[in-house]
$ cat structure.csv   # CSV, C-alpha atoms and all ligand atoms
chain,number,residue,atom,x,y,z
A,1,MET,CA,0.0,0.0,0.0
A,2,ILE,CA,1.2,3.5,-0.8
A,3,LYS,CA,-0.3,6.2,1.4
A,4,PHE,CA,-0.9,9.7,0.1
A,5,ASN,CA,0.9,11.3,3.0
A,6,ILE,CA,2.9,10.3,6.1
A,7,PRO,CA,3.7,13.2,8.5
A,8,PRO,CA,7.4,13.9,8.6
A,9,CYS,CA,9.5,12.6,11.5
A,10,ILE,CA,13.2,13.1,11.2
A,11,GLY,CA,14.7,11.7,14.4
A,12,LYS,CA,15.0,14.2,17.3
A,13,GLU,CA,11.3,15.1,17.7
A,14,SER,CA,10.8,12.9,20.8
A,15,GLU,CA,14.0,14.0,22.4
A,16,TYR,CA,13.1,17.7,22.0
A,17,ILE,CA,9.6,17.1,23.3
A,18,ALA,CA,11.1,15.4,26.4
A,19,GLN,CA,13.3,18.4,26.9
A,20,ALA,CA,10.3,20.7,26.8
A,21,ILE,CA,8.6,18.6,29.4
A,22,GLU,CA,11.7,18.5,31.7
A,23,SER,CA,12.0,22.3,31.4
A,24,HIS,CA,8.6,22.6,33.0
A,25,LYS,CA,7.6,25.0,30.3
A,26,ILE,CA,5.0,23.6,27.9
A,27,CYS,CA,2.8,26.6,27.2
A,28,GLY,CA,3.7,29.0,24.4
A,29,ASP,CA,6.7,31.2,23.7
A,30,GLY,CA,9.3,29.1,25.5
A,31,ALA,CA,12.8,28.1,24.3
A,32,PHE,CA,11.7,26.0,21.3
A,33,THR,CA,9.2,28.6,20.0
A,34,LYS,CA,12.0,31.1,20.2
A,35,LYS,CA,14.4,28.8,18.3
A,36,CYS,CA,11.8,28.2,15.6
A,37,ASN,CA,11.1,32.0,15.2
A,38,GLU,CA,14.8,32.7,15.0
A,39,TRP,CA,15.4,29.9,12.5
A,40,ILE,CA,12.6,31.2,10.2
A,41,GLU,CA,13.9,34.8,10.5
A,42,GLU,CA,17.4,33.8,9.7
A,43,HIS,CA,16.4,31.6,6.7
A,44,THR,CA,13.9,34.0,5.2
A,45,HIS,CA,15.5,37.3,6.2
A,46,THR,CA,12.1,38.6,7.4
A,47,ALA,CA,11.8,41.3,10.1
A,48,LYS,CA,9.8,39.0,12.4
A,49,ALA,CA,8.5,35.5,12.4
A,50,LEU,CA,5.8,34.5,15.0
A,51,LEU,CA,4.9,30.9,15.4
A,52,THR,CA,1.1,30.4,15.5
A,53,THR,CA,-1.4,27.6,16.2
A,54,SER,CA,-2.1,27.3,12.4
A,55,CYS,CA,-1.7,29.0,9.0
A,56,THR,CA,-5.5,29.7,9.3
A,57,HIS,CA,-4.7,31.7,12.5
A,58,ALA,CA,-1.7,33.4,11.0
A,59,THR,CA,-4.0,34.6,8.2
A,60,GLU,CA,-6.6,35.8,10.7
A,61,MET,CA,-3.8,37.8,12.4
A,62,ALA,CA,-2.8,39.3,9.1
A,63,ALA,CA,-6.4,40.3,8.5
A,64,LEU,CA,-6.6,42.0,11.9
A,65,LEU,CA,-3.2,43.7,11.3
A,66,SER,CA,-4.5,44.9,7.9
A,67,ASP,CA,-7.5,46.5,9.7
A,68,ILE,CA,-9.9,44.7,7.4
A,69,ARG,CA,-13.5,45.9,8.1
A,70,PRO,CA,-17.1,45.2,7.0
A,71,GLY,CA,-17.6,46.4,3.4
A,72,ASP,CA,-14.0,46.0,2.4
A,73,GLU,CA,-13.1,43.7,-0.5
A,74,VAL,CA,-10.3,41.2,-0.7
A,75,ILE,CA,-9.0,39.7,-3.9
A,76,MET,CA,-7.9,36.1,-4.1
A,77,PRO,CA,-8.1,33.0,-6.3
A,78,SER,CA,-11.2,30.7,-5.9
A,79,TYR,CA,-8.9,27.7,-6.3
A,80,THR,CA,-7.6,27.6,-2.7
A,81,PHE,CA,-8.3,26.2,0.8
A,82,VAL,CA,-11.2,27.7,2.7
A,83,SER,CA,-8.9,29.4,5.3
A,84,THR,CA,-7.6,31.9,2.8
A,85,ALA,CA,-11.1,33.4,2.5
A,86,ASN,CA,-12.4,32.7,6.1
A,87,ALA,CA,-9.8,34.9,7.8
A,88,PHE,CA,-11.2,38.0,5.9
A,89,VAL,CA,-14.9,36.9,6.0
A,90,LEU,CA,-14.6,36.8,9.8
A,91,ASN,CA,-13.8,40.5,9.7
A,92,GLY,CA,-16.8,41.3,7.5
A,93,ALA,CA,-15.0,41.5,4.2
A,94,ALA,CA,-16.4,40.5,0.8
A,95,ILE,CA,-14.3,38.1,-1.2
A,96,VAL,CA,-13.6,38.9,-4.9
A,97,PHE,CA,-12.4,35.8,-6.7
A,98,VAL,CA,-10.1,36.0,-9.7
A,99,ASP,CA,-9.5,33.2,-12.2
A,100,ILE,CA,-6.2,31.2,-12.1
A,101,ARG,CA,-3.5,30.5,-14.7
A,102,PRO,CA,-3.8,26.9,-16.0
A,103,ASP,CA,0.0,26.3,-15.9
A,104,THR,CA,0.6,27.0,-12.2
A,105,MET,CA,-2.9,27.0,-10.8
A,106,ASN,CA,-2.0,30.4,-9.3
A,107,ILE,CA,-4.1,33.6,-9.5
A,108,ASN,CA,-3.8,35.1,-13.0
A,109,GLU,CA,-1.9,38.3,-12.3
A,110,GLU,CA,-3.2,39.8,-15.5
A,111,LEU,CA,-6.8,39.7,-14.2
A,112,ILE,CA,-6.3,41.3,-10.8
A,113,GLU,CA,-6.4,44.9,-11.8
A,114,ALA,CA,-9.9,44.5,-13.4
A,115,ALA,CA,-11.2,43.2,-10.0
A,116,VAL,CA,-10.0,46.3,-8.0
A,117,THR,CA,-12.8,48.6,-6.9
A,118,PRO,CA,-12.8,51.6,-4.4
A,119,GLN,CA,-13.6,49.1,-1.7
A,120,THR,CA,-10.6,46.8,-2.4
A,121,ARG,CA,-8.2,46.7,0.6
A,122,ALA,CA,-6.0,43.6,0.0
A,123,ILE,CA,-4.7,41.0,-2.4
A,124,VAL,CA,-4.0,37.5,-1.2
A,125,PRO,CA,-1.9,35.5,-3.6
A,126,VAL,CA,-1.8,31.7,-2.9
A,127,HIS,CA,1.5,30.0,-3.9
A,128,TYR,CA,0.0,26.7,-5.0
A,129,ALA,CA,2.2,23.7,-4.7
A,130,GLY,CA,5.0,25.9,-3.4
A,131,VAL,CA,5.4,27.5,-6.9
A,132,SER,CA,5.3,31.3,-6.6
A,133,CYS,CA,2.7,33.7,-8.0
A,134,GLU,CA,4.0,36.5,-10.3
A,135,MET,CA,4.9,38.7,-7.3
A,136,ASP,CA,6.5,41.6,-9.2
A,137,LYS,CA,3.3,42.3,-11.1
A,138,ILE,CA,1.1,41.8,-7.9
A,139,MET,CA,3.3,44.1,-5.8
A,140,GLU,CA,3.2,46.7,-8.6
A,141,ILE,CA,-0.6,46.6,-8.7
A,142,ALA,CA,-0.8,46.8,-4.9
A,143,LYS,CA,1.5,49.8,-4.8
A,144,ARG,CA,-0.5,51.7,-7.4
A,145,HIS,CA,-3.8,51.1,-5.6
A,146,ASP,CA,-2.5,51.2,-2.0
A,147,LEU,CA,-3.4,47.7,-1.2
A,148,THR,CA,-2.0,45.3,1.4
A,149,VAL,CA,-0.6,42.0,0.2
A,150,ILE,CA,-0.9,38.9,2.3
A,151,GLU,CA,0.8,35.9,0.9
A,152,ASP,CA,-0.8,32.5,1.6
A,153,ALA,CA,2.5,30.7,1.6
A,154,ALA,CA,1.0,27.7,3.5
A,155,GLN,CA,2.6,25.4,0.9
A,156,GLY,CA,5.6,27.6,0.2
A,157,VAL,CA,8.1,27.1,3.0
A,158,MET,CA,11.7,27.0,1.5
A,159,SER,CA,10.4,28.2,-1.9
A,160,GLU,CA,11.6,31.3,-3.6
A,161,TYR,CA,10.6,34.0,-6.2
A,162,LYS,CA,13.6,35.5,-8.0
A,163,GLY,CA,15.8,34.6,-5.0
A,164,ARG,CA,13.4,35.9,-2.3
A,165,PRO,CA,11.8,33.5,0.1
A,166,LEU,CA,8.0,33.2,-0.3
A,167,GLY,CA,6.1,34.8,2.5
A,168,THR,CA,8.5,37.7,2.7
A,169,ILE,CA,7.6,39.7,-0.4
A,170,GLY,CA,4.1,41.0,0.6
A,171,ASP,CA,3.3,42.9,3.8
A,172,PHE,CA,2.6,39.6,5.6
A,173,GLY,CA,3.3,36.0,4.8
A,174,CYS,CA,1.6,32.9,6.3
A,175,PHE,CA,3.2,29.5,6.6
A,176,SER,CA,1.5,26.2,7.6
A,177,PHE,CA,3.1,23.4,9.7
A,178,HIS,CA,0.1,21.1,9.5
A,179,GLU,CA,0.9,17.4,9.3
A,180,THR,CA,0.3,17.4,5.5
A,181,LYS,CA,2.9,20.1,4.8
A,182,ASN,CA,6.6,19.8,4.2
A,183,TYR,CA,7.6,20.7,7.7
A,184,SER,CA,5.2,19.9,10.5
A,185,MET,CA,4.3,20.3,14.2
A,186,GLY,CA,0.9,18.5,13.9
A,187,GLU,CA,-1.1,21.7,13.8
A,188,GLY,CA,0.7,25.0,13.5
A,189,GLY,CA,1.8,27.9,11.4
A,190,CYS,CA,3.8,31.1,11.3
A,191,LEU,CA,3.1,34.8,10.6
A,192,LEU,CA,5.9,36.6,8.7
A,193,ILE,CA,6.0,40.3,9.1
A,194,ARG,CA,8.0,42.4,6.6
A,195,ASP,CA,7.8,45.8,8.3
A,196,LYS,CA,9.2,46.5,11.7
A,197,GLU,CA,6.4,48.9,12.6
A,198,MET,CA,3.9,46.0,12.6
A,199,ILE,CA,5.8,43.8,15.0
A,200,GLU,CA,4.5,45.2,18.3
A,201,LYS,CA,0.9,45.2,17.1
A,202,ALA,CA,1.2,41.6,16.0
A,203,GLU,CA,2.7,40.5,19.3
A,204,ILE,CA,-0.3,42.1,21.1
A,205,ILE,CA,-2.9,40.5,18.9
A,206,ARG,CA,-1.2,37.1,19.3
A,207,GLU,CA,-1.1,37.5,23.2
A,208,LYS,CA,-4.9,38.0,23.8
A,209,GLY,CA,-4.7,41.8,23.1
A,210,THR,CA,-2.1,42.3,26.0
A,211,ASN,CA,1.4,43.7,25.9
A,212,ARG,CA,2.7,40.6,27.7
A,213,SER,CA,5.5,40.1,25.2
A,214,LYS,CA,7.0,43.5,26.1
A,215,PHE,CA,6.6,42.6,29.8
A,216,PHE,CA,8.5,39.3,29.4
A,217,ARG,CA,11.3,41.2,27.7
A,218,GLY,CA,11.5,43.5,30.7
A,219,GLU,CA,10.5,46.6,28.7
A,220,ILE,CA,7.5,47.4,31.0
A,221,ASP,CA,6.9,46.5,34.6
A,222,LYS,CA,3.3,45.2,34.3
A,223,TYR,CA,1.2,44.0,31.4
A,224,THR,CA,-2.4,44.9,30.6
A,225,TRP,CA,-5.1,44.6,28.0
A,226,VAL,CA,-4.4,47.2,25.2
A,227,SER,CA,-6.4,46.1,22.2
A,228,ALA,CA,-8.6,43.4,20.7
A,229,GLY,CA,-6.7,40.1,20.3
A,230,SER,CA,-6.9,36.4,20.6
A,231,SER,CA,-4.6,33.4,21.6
A,232,TYR,CA,-2.5,32.3,18.7
A,233,LEU,CA,0.4,30.8,20.6
A,234,PRO,CA,1.2,27.1,20.0
A,235,SER,CA,2.4,24.9,22.8
A,236,GLU,CA,6.1,24.3,23.4
A,237,LEU,CA,5.5,20.5,22.7
A,238,ASN,CA,4.4,21.3,19.2
A,239,ALA,CA,7.3,23.8,18.7
A,240,ALA,CA,9.8,21.2,19.9
A,241,TYR,CA,8.5,18.8,17.2
A,242,LEU,CA,8.9,21.5,14.6
A,243,TYR,CA,12.4,22.6,15.6
A,244,ALA,CA,13.7,19.0,15.0
A,245,GLN,CA,12.3,19.4,11.5
A,246,LEU,CA,13.6,22.9,10.8
A,247,GLU,CA,17.1,21.8,11.9
A,248,GLN,CA,17.0,19.2,9.1
A,249,ALA,CA,15.0,21.4,6.6
A,250,GLN,CA,17.5,20.8,3.7
A,251,LYS,CA,17.4,17.0,4.2
A,252,ILE,CA,13.6,17.0,4.0
A,253,TYR,CA,13.7,19.3,1.0
A,254,ASP,CA,16.3,17.2,-0.9
A,255,ASP,CA,14.3,14.0,-0.2
A,256,ARG,CA,11.1,15.4,-1.5
A,257,MET,CA,12.8,16.9,-4.5
A,258,ARG,CA,14.3,13.5,-5.4
A,259,SER,CA,10.7,12.1,-5.5
A,260,TRP,CA,9.4,15.1,-7.4
A,261,ASN,CA,12.1,14.9,-10.1
A,262,LEU,CA,11.7,11.1,-10.5
A,263,TYR,CA,7.9,11.5,-10.9
A,264,TYR,CA,8.5,14.2,-13.5
A,265,GLU,CA,11.1,12.1,-15.4
A,266,LEU,CA,9.0,8.9,-15.4
A,267,LEU,CA,5.7,10.6,-16.4
A,268,SER,CA,7.3,12.8,-19.1
A,269,PRO,CA,6.6,10.2,-21.9
A,270,LEU,CA,2.9,10.3,-21.1
A,271,ALA,CA,2.9,14.1,-21.1
A,272,GLY,CA,4.8,14.0,-24.4
A,273,ALA,CA,2.1,11.7,-25.9
A,274,GLY,CA,-0.6,14.1,-24.7
A,275,SER,CA,-2.2,11.7,-22.3
A,276,LEU,CA,-1.8,14.0,-19.2
A,277,SER,CA,-0.3,17.3,-18.1
A,278,LEU,CA,2.6,17.9,-15.7
A,279,PRO,CA,3.1,20.9,-13.4
A,280,ALA,CA,4.9,23.9,-14.7
A,281,VAL,CA,7.6,25.9,-12.7
A,282,PRO,CA,8.1,29.3,-14.4
A,283,ASP,CA,11.5,30.9,-14.7
A,284,GLY,CA,12.6,32.6,-11.5
A,285,CYS,CA,10.6,30.2,-9.3
A,286,LYS,CA,12.4,27.8,-7.0
A,287,HIS,CA,9.8,25.4,-5.7
A,288,ASN,CA,9.9,23.1,-2.7
A,289,ALA,CA,8.4,19.8,-4.0
A,290,HIS,CA,5.4,20.3,-1.8
A,291,MET,CA,3.2,18.3,-4.1
A,292,PHE,CA,3.3,16.3,-7.3
A,293,TYR,CA,0.2,16.6,-9.3
A,294,ILE,CA,-0.9,15.5,-12.8
A,295,LYS,CA,-3.9,16.6,-14.8
A,296,ALA,CA,-6.1,14.1,-16.5
A,297,ALA,CA,-8.2,15.0,-19.6
A,298,ASP,CA,-11.4,15.7,-17.5
A,299,LEU,CA,-13.4,14.8,-14.4
A,300,LYS,CA,-14.5,11.5,-15.8
A,301,GLU,CA,-11.0,10.3,-16.6
A,302,ARG,CA,-9.7,11.6,-13.2
A,303,THR,CA,-12.4,9.6,-11.4
A,304,ALA,CA,-11.5,6.5,-13.3
A,305,LEU,CA,-7.8,7.0,-12.6
A,306,ILE,CA,-8.3,7.5,-8.8
A,307,GLN,CA,-10.3,4.2,-8.8
A,308,TYR,CA,-7.7,2.3,-10.8
A,309,LEU,CA,-4.9,3.5,-8.5
A,310,LYS,CA,-7.0,2.6,-5.4
A,311,GLU,CA,-7.4,-0.9,-6.7
A,312,GLN,CA,-3.5,-1.1,-6.8
A,313,GLU,CA,-3.5,0.3,-3.2
A,314,ILE,CA,-2.2,3.6,-4.3
A,315,PHE,CA,-3.9,6.6,-2.6
A,316,SER,CA,-4.2,9.8,-4.7
A,317,VAL,CA,-6.4,12.8,-3.8
A,318,PHE,CA,-7.9,15.8,-5.5
A,319,HIS,CA,-8.8,19.3,-4.2
A,320,TYR,CA,-10.2,22.1,-4.1
A,321,ILE,CA,-13.9,22.6,-4.8
A,322,PRO,CA,-13.6,26.2,-6.1
A,323,LEU,CA,-14.7,28.5,-3.3
A,324,HIS,CA,-17.1,30.6,-5.5
A,325,THR,CA,-19.2,27.4,-6.1
A,326,ALA,CA,-19.4,26.5,-2.4
A,327,PRO,CA,-22.4,27.7,-0.3
A,328,ALA,CA,-20.3,30.1,1.8
A,329,GLY,CA,-18.4,31.3,-1.2
A,330,CYS,CA,-21.7,32.3,-2.9
A,331,GLN,CA,-22.7,34.1,0.3
A,332,TYR,CA,-19.5,36.0,1.0
A,333,GLY,CA,-18.0,36.4,-2.4
A,334,ARG,CA,-18.3,37.0,-6.1
A,335,PHE,CA,-16.3,36.0,-9.1
A,336,SER,CA,-14.7,38.9,-11.1
A,337,GLY,CA,-14.8,38.2,-14.8
A,338,GLU,CA,-15.2,34.7,-16.2
A,339,ASP,CA,-14.4,31.3,-14.7
A,340,ILE,CA,-12.4,29.9,-17.6
A,341,TYR,CA,-9.9,27.8,-15.8
A,342,THR,CA,-10.7,27.6,-12.1
A,343,THR,CA,-13.5,24.9,-12.4
A,344,ARG,CA,-12.1,23.1,-15.4
A,345,GLU,CA,-8.6,22.7,-14.2
A,346,SER,CA,-9.6,21.8,-10.6
A,347,GLU,CA,-11.6,18.9,-12.1
A,348,ARG,CA,-8.6,17.6,-13.9
A,349,LEU,CA,-6.0,17.8,-11.1
A,350,LEU,CA,-4.8,14.7,-9.1
A,351,ARG,CA,-2.2,14.7,-6.4
A,352,LEU,CA,0.1,11.7,-6.2
A,353,PRO,CA,1.6,10.3,-3.0
A,354,MET,CA,4.3,12.7,-1.7
A,355,TYR,CA,6.0,12.7,1.6
A,356,TYR,CA,9.4,12.7,3.3
A,357,GLY,CA,10.7,9.1,3.0
A,358,LEU,CA,8.7,8.1,-0.1
A,359,THR,CA,11.0,5.5,-1.8
A,360,PRO,CA,12.1,5.6,-5.4
A,361,GLU,CA,10.6,2.1,-5.8
A,362,ASP,CA,7.2,3.4,-4.7
A,363,VAL,CA,7.5,6.3,-7.1
A,364,ARG,CA,8.3,3.9,-9.9
A,365,PHE,CA,5.4,1.7,-9.0
A,366,VAL,CA,3.0,4.6,-9.1
A,367,CYS,CA,4.3,5.8,-12.5
A,368,GLU,CA,4.1,2.2,-13.9
A,369,LYS,CA,0.4,1.9,-12.8
A,370,ILE,CA,-0.4,5.3,-14.3
A,371,THR,CA,1.3,4.3,-17.5
A,372,GLN,CA,-0.8,1.0,-17.6
A,373,PHE,CA,-4.0,3.0,-17.0
A,374,TYR,CA,-3.3,5.1,-20.1
A,375,ARG,CA,-2.5,2.0,-22.1
A,401,LIG,C1,-2.8,24.0,4.4
A,401,LIG,C2,-3.3,25.3,3.9
A,401,LIG,C3,-3.9,26.3,4.7
A,401,LIG,C4,-4.2,26.1,6.1
A,401,LIG,O1,-3.2,25.7,7.0
A,401,LIG,P1,-3.5,25.3,8.5
A,401,LIG,O2,-2.1,25.3,9.1
A,401,LIG,O3,-4.1,23.9,8.4
A,401,LIG,O4,-4.4,26.3,9.0
A,401,LIG,C5,-4.2,27.5,4.1
A,401,LIG,N1,-4.0,27.7,2.8
A,401,LIG,C6,-3.4,26.8,2.0
A,401,LIG,C7,-3.2,27.1,0.6
A,401,LIG,C8,-3.1,25.5,2.5
A,401,LIG,O5,-2.6,24.6,1.7

$ encode --input "structure.csv" --output "structure tokens" --more "lines below"
Ligand SMILES: *Cc1c(COP(=O)(O)O)cnc(C)c1O
Amino acid sequence: MIKFNIPPCIGKESEYIAQAIESHKICGDGAFTKKCNEWIEEHTHTAKALLTTSCTHATEMAALLSDIRPGDEVIMPSYTFVSTANAFVLNGAAIVFVDIRPDTMNINEELIEAAVTPQTRAIVPVHYAGVSCEMDKIMEIAKRHDLTVIEDAAQGVMSEYKGRPLGTIGDFGCFSFHETKNYSMGEGGCLLIRDKEMIEKAEIIREKGTNRSKFFRGEIDKYTWVSAGSSYLPSELNAAYLYAQLEQAQKIYDDRMRSWNLYYELLSPLAGAGSLSLPAVPDGCKHNAHMFYIKAADLKERTALIQYLKEQEIFSVFHYIPLHTAPAGCQYGRFSGEDIYTTRESERLLRLPMYYGLTPEDVRFVCEKITQFYR
């Protein structure tokens, strides 16, 4: 049997969790959280990284920091996870969906400007499969219309756009460390803050609206409630698990990349024959092998392929149901322009097994079965 995902475990996770327990500090913002924040700051060169309980929560923090209010509009692709939209809907914003590019499944940067209205406050590019959106163009539009850019880089840890780490180009970036992502802590995420002026406000929102972070640093002698906020701190036990992974980030990256490249090589003949499509990585984008997907001809062929692979005990999955077609998407959002690719391409896409430790033999087996299916 070949599973779709196995959460990464690299070796030192149990040891670090034991250390956290022995230190008698298992709530948030202890030694391991600090180490994770510092690791992310060092490797992404962002002004501040704050570990959170999820990428969903990091996006909620970004929405609060961007002062999103009822009546505001936020532009994003419809082809994304629900959390991308929820964070803004919770603040009363309306979502304006823009079609994707069929090659990367990312928001089509050429269609963004037509979706801008006087109510538009933010653009949320989603770096699908860890392959960057066209950030130069997106930042240029944002600058011209004075919009905030919040990168959903849930899948983009260790990816780059023209040499810059994803999550650090917009005003805010959001990482996920869910068990299905490249680096994990079970449930968890991180908010990346580009501008120093936003750091204090972010620390307050993350600490229930109090200035406790300042108090712990000894900058004030008592802490108090200073604004609206919530609790976005993960436990030290989760941070300890993540730190073991971050220390070995390159090893995990290399292992996944080996699987990705082998899939690409072995499936290229089928793509050459026109049976299926393979993912595209535009010039200037360094991806992180977050996922390997193929595209079948249509929904019917994809359904048959999933079933065929399942019979060989190979587990493949599809996502997302376009948000503008979901009940909440209809209620809180609207599609700008025409849905040419979002629905059509989402119905073709199939994700193949991909995780740290997937063996070349298993990749070969999956590719052989896909080849047999098309024969
Ligand atoms: C996984 C994912 C999220 C949510 O991450 P959580 O850490 O589970 O909240 C958001 N957006 C995208 C694109 C994702 O892939």

$ residues_around --input "structure.csv" --residues "Met135 (chain A)" --least-positions-apart "2" --cutoff "9 Å" --atoms "all atoms listed in the file" --output "ChimeraX atom specification"
/A:109,125,132-133,137-140,161,169-170

$ residues_near_ligand --input "structure.csv" --ligand "ligand LIG 401 (chain A)" --cutoff "7 Å" --atoms "all atoms listed in the file" --output "PyMOL selection string"
chain A and resi 54-57+80-81+83-84+126+128+152-155+176-178+181+187-189

$ residues_around --input "structure.csv" --residues "Phe315 (chain A)" --least-positions-apart "3" --cutoff "7 Å" --atoms "all atoms listed in the file" --output "JSON, numbers by chain"
{"A": [2, 3, 4, 309, 310, 353]}

$ write_last_selection --input "structure.csv" --atoms "C-alpha atoms" --output "short mmCIF file (atom, residue, chain, number, x, y, z; two decimals), keeping the file's coordinate frame"
data_model
loop_
_atom_site.label_atom_id
_atom_site.label_comp_id
_atom_site.auth_asym_id
_atom_site.auth_seq_id
_atom_site.Cartn_x
_atom_site.Cartn_y
_atom_site.Cartn_z
CA ILE A 2 1.20 3.50 -0.80
CA LYS A 3 -0.30 6.20 1.40
CA PHE A 4 -0.90 9.70 0.10
CA LEU A 309 -4.90 3.50 -8.50
CA LYS A 310 -7.00 2.60 -5.40
CA PRO A 353 1.60 10.30 -3.00
#

$ closest_residue --input "structure.csv" --among "A:Gln312, A:Ser213, A:Thr104, A:Asn86" --to "Val74 (chain A)" --atoms "only C-alpha atoms"
A:Asn86

$ residues_around --input "structure.csv" --residues "Asp255 (chain A)" --least-positions-apart "5" --cutoff "9 Å" --atoms "only C-alpha atoms" --output "VMD selection string"
chain A and resid 250 260 355 to 358

$ write_last_selection --input "structure.csv" --atoms "C-alpha atoms" --output "CSV table (one decimal), in the frame of the given file"
chain,number,residue,atom,x,y,z
A,250,GLN,CA,17.5,20.8,3.7
A,260,TRP,CA,9.4,15.1,-7.4
A,355,TYR,CA,6.0,12.7,1.6
A,356,TYR,CA,9.4,12.7,3.3
A,357,GLY,CA,10.7,9.1,3.0
A,358,LEU,CA,8.7,8.1,-0.1

$ residues_around --input "structure.csv" --residues "Pro269 (chain A)" --least-positions-apart "4" --cutoff "12 Å" --atoms "all atoms listed in the file" --output "list in words"
Tyr263, Tyr264, Glu265, Ala273, Gly274, Ser275, Leu276, Ser277, Leu278, Cys367, Glu368, Ile370, Thr371 and Tyr374 of chain A

$ atom_distance --input "structure.csv" --atom1 "CA of Asn261 (chain A)" --atom2 "CA of Ala289 (chain A)"
8.7 Å

$ closest_residue --input "structure.csv" --among "A:His324, A:Cys174, A:His287, A:Arg375" --to "Asp254 (chain A)" --atoms "all atoms listed in the file"
A:His287

$ residues_around --input "structure.csv" --residues "His45 (chain A)" --least-positions-apart "4" --cutoff "10 Å" --atoms "all atoms listed in the file" --output "list of chain:residue names"
A:Glu38, A:Trp39, A:Ile40, A:Glu41, A:Ala49, A:Arg164, A:Pro165, A:Thr168, A:Leu192, A:Arg194

$ closest_residue --input "structure.csv" --among "A:Arg101, A:Lys214, A:Arg258, A:Arg302" --to "Phe373 (chain A)" --atoms "only C-alpha atoms"
A:Arg302

$ closest_residue --input "structure.csv" --among "A:Ser78, A:Ser159, A:Asn37, A:Thr148" --to "Cys285 (chain A)" --atoms "all atoms listed in the file"
A:Ser159

$ closest_residue --input "structure.csv" --among "A:Glu151, A:Ser336, A:Ala249, A:Gly130" --to "Thr117 (chain A)" --atoms "only C-alpha atoms"
A:Ser336
